[in-house]
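This report concerns only the one structure given below.
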Amino acid sequence: MSKKKNKEIPQAEKDYYKLKTDAVDRLAETNKGNARVVSDQELNQYKSSKLGMIPVWVKALFIKFWFAGAVCFFFYWGLSIYLPNWLDQMFVFAIGLGIVTDLLTSNVLKFISGDDKEYYPYIMFPSGKYWTFFAHIVYAFLLLSLTIGFY
C-alpha cells in the first residue's frame with residue numbers, strides 16, 4: 001500500500017490557473033465609441049514590417065501599375081500574334097484593362113484596405129455596383145486613347 005502525502009500547496013500555485021476575466025470583458029465590450037484614442041506615433045511603434053512604413057499612395061500606385069503591366073503583358077504582347085490589326089489589339093487591350101481594373105485591382109485595394117478604408121480614395125468607383133463594370137471599360141478606352149495620342 002502506498003502512503004499518500006498530505007502536501008500543502010502554496011497559495012500562489014492555487015491562484016495560478018485562476019482566470020482573470022475582467023480584462024477579457026473590457027476587451028469584449030470595446031467598440032469605436034468607448035475605445036481610447038491612440039496617436040499615430042504610438043501606432044507606428046508597432047508596425048514591424050518595412051511595408052508598413054511605405055505610404056498608402058505609393059502602395060496603391062504600385063498595385064495599379066502592376067495590374068496594368070500584367071494586362072499589357074498578357075493582352076497586348078500576348079495577342080499581337082493572333083490579332084495583326086493594330087486597332088483590334090487596342091480594342092481588346094482596352095476591354096481587358098477595364099475588366100481587370102474592375103474585377104481585380106479594385107477588389108485587391110478593398111481587401112487590403114480593412115475597416116479604415118485608407119485605399120478607397122485610390123479606387124475610382126468604390127461602390128462596386130453593376131454599372132461600374134462598364135464605367136471601368138469606358139475609362140480604359142479613354143485612358144488608352146490618351147496614352148496612344150501622347151505617344
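Residue numbering restarts at 1 for every chain of the C-alpha cells, chains are lettered A, B, ... in their displayed order, and ligands are numbered from 1 as they appear.
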Contact check, region 11-104 of chain A to region 116-139 of chain A, at most 6 Å, counting only C-alpha atoms, closest pairs as CSV:
residue,atom,partner,partner_atom,distance
A:Ile95,CA,A:Ile137,CA,5.6
A:Gly98,CA,A:Ile137,CA,3.9
A:Asp102,CA,A:Phe133,CA,5.8
Give the answer as one residue: which of A:Phe150, A:Gly78, A:Ala23, A:Phe67 has the shortest atom-to-atom distance to Leu103 (chain A), using only C-alpha atoms?
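Comparing A:Phe150, A:Gly78, A:Ala23, A:Phe67 against Leu103 (chain A), the winner is A:Phe67.
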Pick out the residues sitting within 9 Å of Tyr76 (chain A), and hand them over as number ranges by chain; count only C-alpha atoms, and ignore anything fewer than 5 positions along from it in its own chain.
A: 71, 89-90, 92-93
Store the residues of this selection in a file with all heavy atoms, as an mmCIF file, in the first residue's frame.
data_model
loop_
_atom_site.group_PDB
_atom_site.id
_atom_site.type_symbol
_atom_site.label_atom_id
_atom_site.label_comp_id
_atom_site.auth_asym_id
_atom_site.auth_seq_id
_atom_site.Cartn_x
_atom_site.Cartn_y
_atom_site.Cartn_z
ATOM 1 N N VAL A 71 -1.717 43.317 -67.613
ATOM 2 C CA VAL A 71 -2.661 43.341 -68.738
ATOM 3 C C VAL A 71 -1.912 43.628 -70.029
ATOM 4 O O VAL A 71 -2.179 43.003 -71.066
ATOM 5 C CB VAL A 71 -3.778 44.377 -68.493
ATOM 6 C CG1 VAL A 71 -4.605 44.603 -69.738
ATOM 7 C CG2 VAL A 71 -4.674 43.917 -67.364
ATOM 8 N N GLN A 89 -6.177 45.105 -81.693
ATOM 9 C CA GLN A 89 -5.372 44.895 -80.488
ATOM 10 C C GLN A 89 -5.728 45.923 -79.414
ATOM 11 O O GLN A 89 -5.883 45.583 -78.239
ATOM 12 C CB GLN A 89 -3.885 45.010 -80.806
ATOM 13 C CG GLN A 89 -3.306 43.871 -81.562
ATOM 14 C CD GLN A 89 -1.831 44.124 -81.863
ATOM 15 O OE1 GLN A 89 -1.259 45.131 -81.453
ATOM 16 N NE2 GLN A 89 -1.224 43.189 -82.582
ATOM 17 N N MET A 90 -5.846 47.179 -79.811
ATOM 18 C CA MET A 90 -6.160 48.223 -78.844
ATOM 19 C C MET A 90 -7.562 48.041 -78.261
ATOM 20 O O MET A 90 -7.796 48.303 -77.076
ATOM 21 C CB MET A 90 -6.039 49.613 -79.495
ATOM 22 C CG MET A 90 -4.627 50.002 -79.868
ATOM 23 S SD MET A 90 -3.532 49.985 -78.449
ATOM 24 C CE MET A 90 -2.413 48.701 -78.925
ATOM 25 N N VAL A 92 -9.203 45.125 -77.833
ATOM 26 C CA VAL A 92 -9.141 44.016 -76.875
ATOM 27 C C VAL A 92 -8.356 44.431 -75.631
ATOM 28 O O VAL A 92 -8.723 44.088 -74.502
ATOM 29 C CB VAL A 92 -8.527 42.768 -77.547
ATOM 30 C CG1 VAL A 92 -8.239 41.681 -76.532
ATOM 31 C CG2 VAL A 92 -9.429 42.252 -78.639
ATOM 32 N N PHE A 93 -7.286 45.179 -75.823
ATOM 33 C CA PHE A 93 -6.480 45.639 -74.699
ATOM 34 C C PHE A 93 -7.291 46.551 -73.782
ATOM 35 O O PHE A 93 -7.215 46.436 -72.553
ATOM 36 C CB PHE A 93 -5.240 46.352 -75.233
ATOM 37 C CG PHE A 93 -4.312 46.874 -74.173
ATOM 38 C CD1 PHE A 93 -3.765 46.020 -73.235
ATOM 39 C CD2 PHE A 93 -3.984 48.211 -74.125
ATOM 40 C CE1 PHE A 93 -2.899 46.496 -72.269
ATOM 41 C CE2 PHE A 93 -3.127 48.694 -73.165
ATOM 42 C CZ PHE A 93 -2.587 47.830 -72.226
#
Find the residue from A:Val100, A:Val58, A:Leu51, A:Ile148 that sits nearest to Phe74 (chain A); use only C-alpha atoms when measuring.
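Looking at the shortest contact to Phe74 (chain A), the residue is A:Val100.
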I need the alpha helix (DSSP H) residues of region 11-144 of chain A per DSSP on the backbone, written as number ranges by chain.
A: 11-14, 21-28, 40-44, 56-71, 86-100, 106-113, 131-144
Requested write-out: C-alpha atoms of the selected residues, as a PDB file, in the first residue's frame:
ATOM      1  CA  GLN A  11      -1.494  29.936  -2.405  1.00  0.00           C
ATOM      2  CA  ALA A  12       0.465  31.226  -5.429  1.00  0.00           C
ATOM      3  CA  GLU A  13       0.150  27.851  -7.131  1.00  0.00           C
ATOM      4  CA  LYS A  14      -3.554  27.651  -6.334  1.00  0.00           C
ATOM      5  CA  THR A  21     -11.866  37.723 -16.743  1.00  0.00           C
ATOM      6  CA  ASP A  22     -12.017  41.483 -16.132  1.00  0.00           C
ATOM      7  CA  ALA A  23      -9.529  42.280 -18.955  1.00  0.00           C
ATOM      8  CA  VAL A  24     -11.344  39.935 -21.313  1.00  0.00           C
ATOM      9  CA  ASP A  25     -14.693  41.572 -20.505  1.00  0.00           C
ATOM     10  CA  ARG A  26     -13.225  45.035 -21.063  1.00  0.00           C
ATOM     11  CA  LEU A  27     -11.843  43.947 -24.430  1.00  0.00           C
ATOM     12  CA  ALA A  28     -15.102  42.267 -25.500  1.00  0.00           C
ATOM     13  CA  ASP A  40      -0.314  57.798 -34.863  1.00  0.00           C
ATOM     14  CA  GLN A  41       3.097  57.970 -33.220  1.00  0.00           C
ATOM     15  CA  GLU A  42       2.141  55.189 -30.820  1.00  0.00           C
ATOM     16  CA  LEU A  43       0.666  53.071 -33.619  1.00  0.00           C
ATOM     17  CA  ASN A  44       3.826  53.449 -35.712  1.00  0.00           C
ATOM     18  CA  VAL A  56      -0.517  54.265 -48.755  1.00  0.00           C
ATOM     19  CA  TRP A  57      -0.443  56.242 -52.003  1.00  0.00           C
ATOM     20  CA  VAL A  58       2.826  54.568 -53.053  1.00  0.00           C
ATOM     21  CA  LYS A  59       1.413  51.085 -52.439  1.00  0.00           C
ATOM     22  CA  ALA A  60      -1.834  51.915 -54.279  1.00  0.00           C
ATOM     23  CA  LEU A  61       0.088  53.328 -57.235  1.00  0.00           C
ATOM     24  CA  PHE A  62       2.315  50.248 -57.356  1.00  0.00           C
ATOM     25  CA  ILE A  63      -0.675  47.883 -57.344  1.00  0.00           C
ATOM     26  CA  LYS A  64      -2.413  49.835 -60.104  1.00  0.00           C
ATOM     27  CA  PHE A  65       0.710  49.927 -62.291  1.00  0.00           C
ATOM     28  CA  TRP A  66       1.409  46.246 -61.637  1.00  0.00           C
ATOM     29  CA  PHE A  67      -2.041  45.157 -62.823  1.00  0.00           C
ATOM     30  CA  ALA A  68      -1.848  47.472 -65.850  1.00  0.00           C
ATOM     31  CA  GLY A  69       1.560  45.999 -66.700  1.00  0.00           C
ATOM     32  CA  ALA A  70       0.192  42.471 -66.367  1.00  0.00           C
ATOM     33  CA  VAL A  71      -2.661  43.341 -68.738  1.00  0.00           C
ATOM     34  CA  TRP A  86      -3.456  47.390 -84.562  1.00  0.00           C
ATOM     35  CA  LEU A  87      -6.951  48.752 -83.827  1.00  0.00           C
ATOM     36  CA  ASP A  88      -8.237  45.294 -82.927  1.00  0.00           C
ATOM     37  CA  GLN A  89      -5.372  44.895 -80.488  1.00  0.00           C
ATOM     38  CA  MET A  90      -6.160  48.223 -78.844  1.00  0.00           C
ATOM     39  CA  PHE A  91      -9.853  47.336 -78.617  1.00  0.00           C
ATOM     40  CA  VAL A  92      -9.141  44.016 -76.875  1.00  0.00           C
ATOM     41  CA  PHE A  93      -6.480  45.639 -74.699  1.00  0.00           C
ATOM     42  CA  ALA A  94      -8.896  48.364 -73.536  1.00  0.00           C
ATOM     43  CA  ILE A  95     -11.618  45.846 -72.720  1.00  0.00           C
ATOM     44  CA  GLY A  96      -9.131  43.668 -70.823  1.00  0.00           C
ATOM     45  CA  LEU A  97      -7.772  46.656 -68.920  1.00  0.00           C
ATOM     46  CA  GLY A  98     -11.283  47.723 -67.901  1.00  0.00           C
ATOM     47  CA  ILE A  99     -12.260  44.230 -66.775  1.00  0.00           C
ATOM     48  CA  VAL A 100      -9.064  43.691 -64.782  1.00  0.00           C
ATOM     49  CA  SER A 106     -10.403  47.475 -57.129  1.00  0.00           C
ATOM     50  CA  ASN A 107     -11.031  44.314 -55.131  1.00  0.00           C
ATOM     51  CA  VAL A 108      -7.378  43.942 -54.118  1.00  0.00           C
ATOM     52  CA  LEU A 109      -7.325  47.552 -52.910  1.00  0.00           C
ATOM     53  CA  LYS A 110     -10.581  46.991 -50.999  1.00  0.00           C
ATOM     54  CA  PHE A 111      -9.217  43.776 -49.478  1.00  0.00           C
ATOM     55  CA  ILE A 112      -6.015  45.321 -48.133  1.00  0.00           C
ATOM     56  CA  SER A 113      -7.834  48.454 -47.012  1.00  0.00           C
ATOM     57  CA  TRP A 131     -22.642  49.809 -63.722  1.00  0.00           C
ATOM     58  CA  THR A 132     -19.031  50.280 -62.549  1.00  0.00           C
ATOM     59  CA  PHE A 133     -18.017  47.311 -64.704  1.00  0.00           C
ATOM     60  CA  PHE A 134     -18.925  49.241 -67.852  1.00  0.00           C
ATOM     61  CA  ALA A 135     -17.605  52.515 -66.454  1.00  0.00           C
ATOM     62  CA  HIS A 136     -14.174  50.949 -65.961  1.00  0.00           C
ATOM     63  CA  ILE A 137     -14.188  49.711 -69.566  1.00  0.00           C
ATOM     64  CA  VAL A 138     -15.093  53.192 -70.862  1.00  0.00           C
ATOM     65  CA  TYR A 139     -12.390  54.688 -68.641  1.00  0.00           C
ATOM     66  CA  ALA A 140      -9.858  52.174 -70.013  1.00  0.00           C
ATOM     67  CA  PHE A 141     -10.788  53.187 -73.592  1.00  0.00           C
ATOM     68  CA  LEU A 142     -10.316  56.851 -72.686  1.00  0.00           C
ATOM     69  CA  LEU A 143      -7.034  56.200 -70.886  1.00  0.00           C
ATOM     70  CA  LEU A 144      -5.674  54.074 -73.713  1.00  0.00           C
TER      71      LEU A 144
END
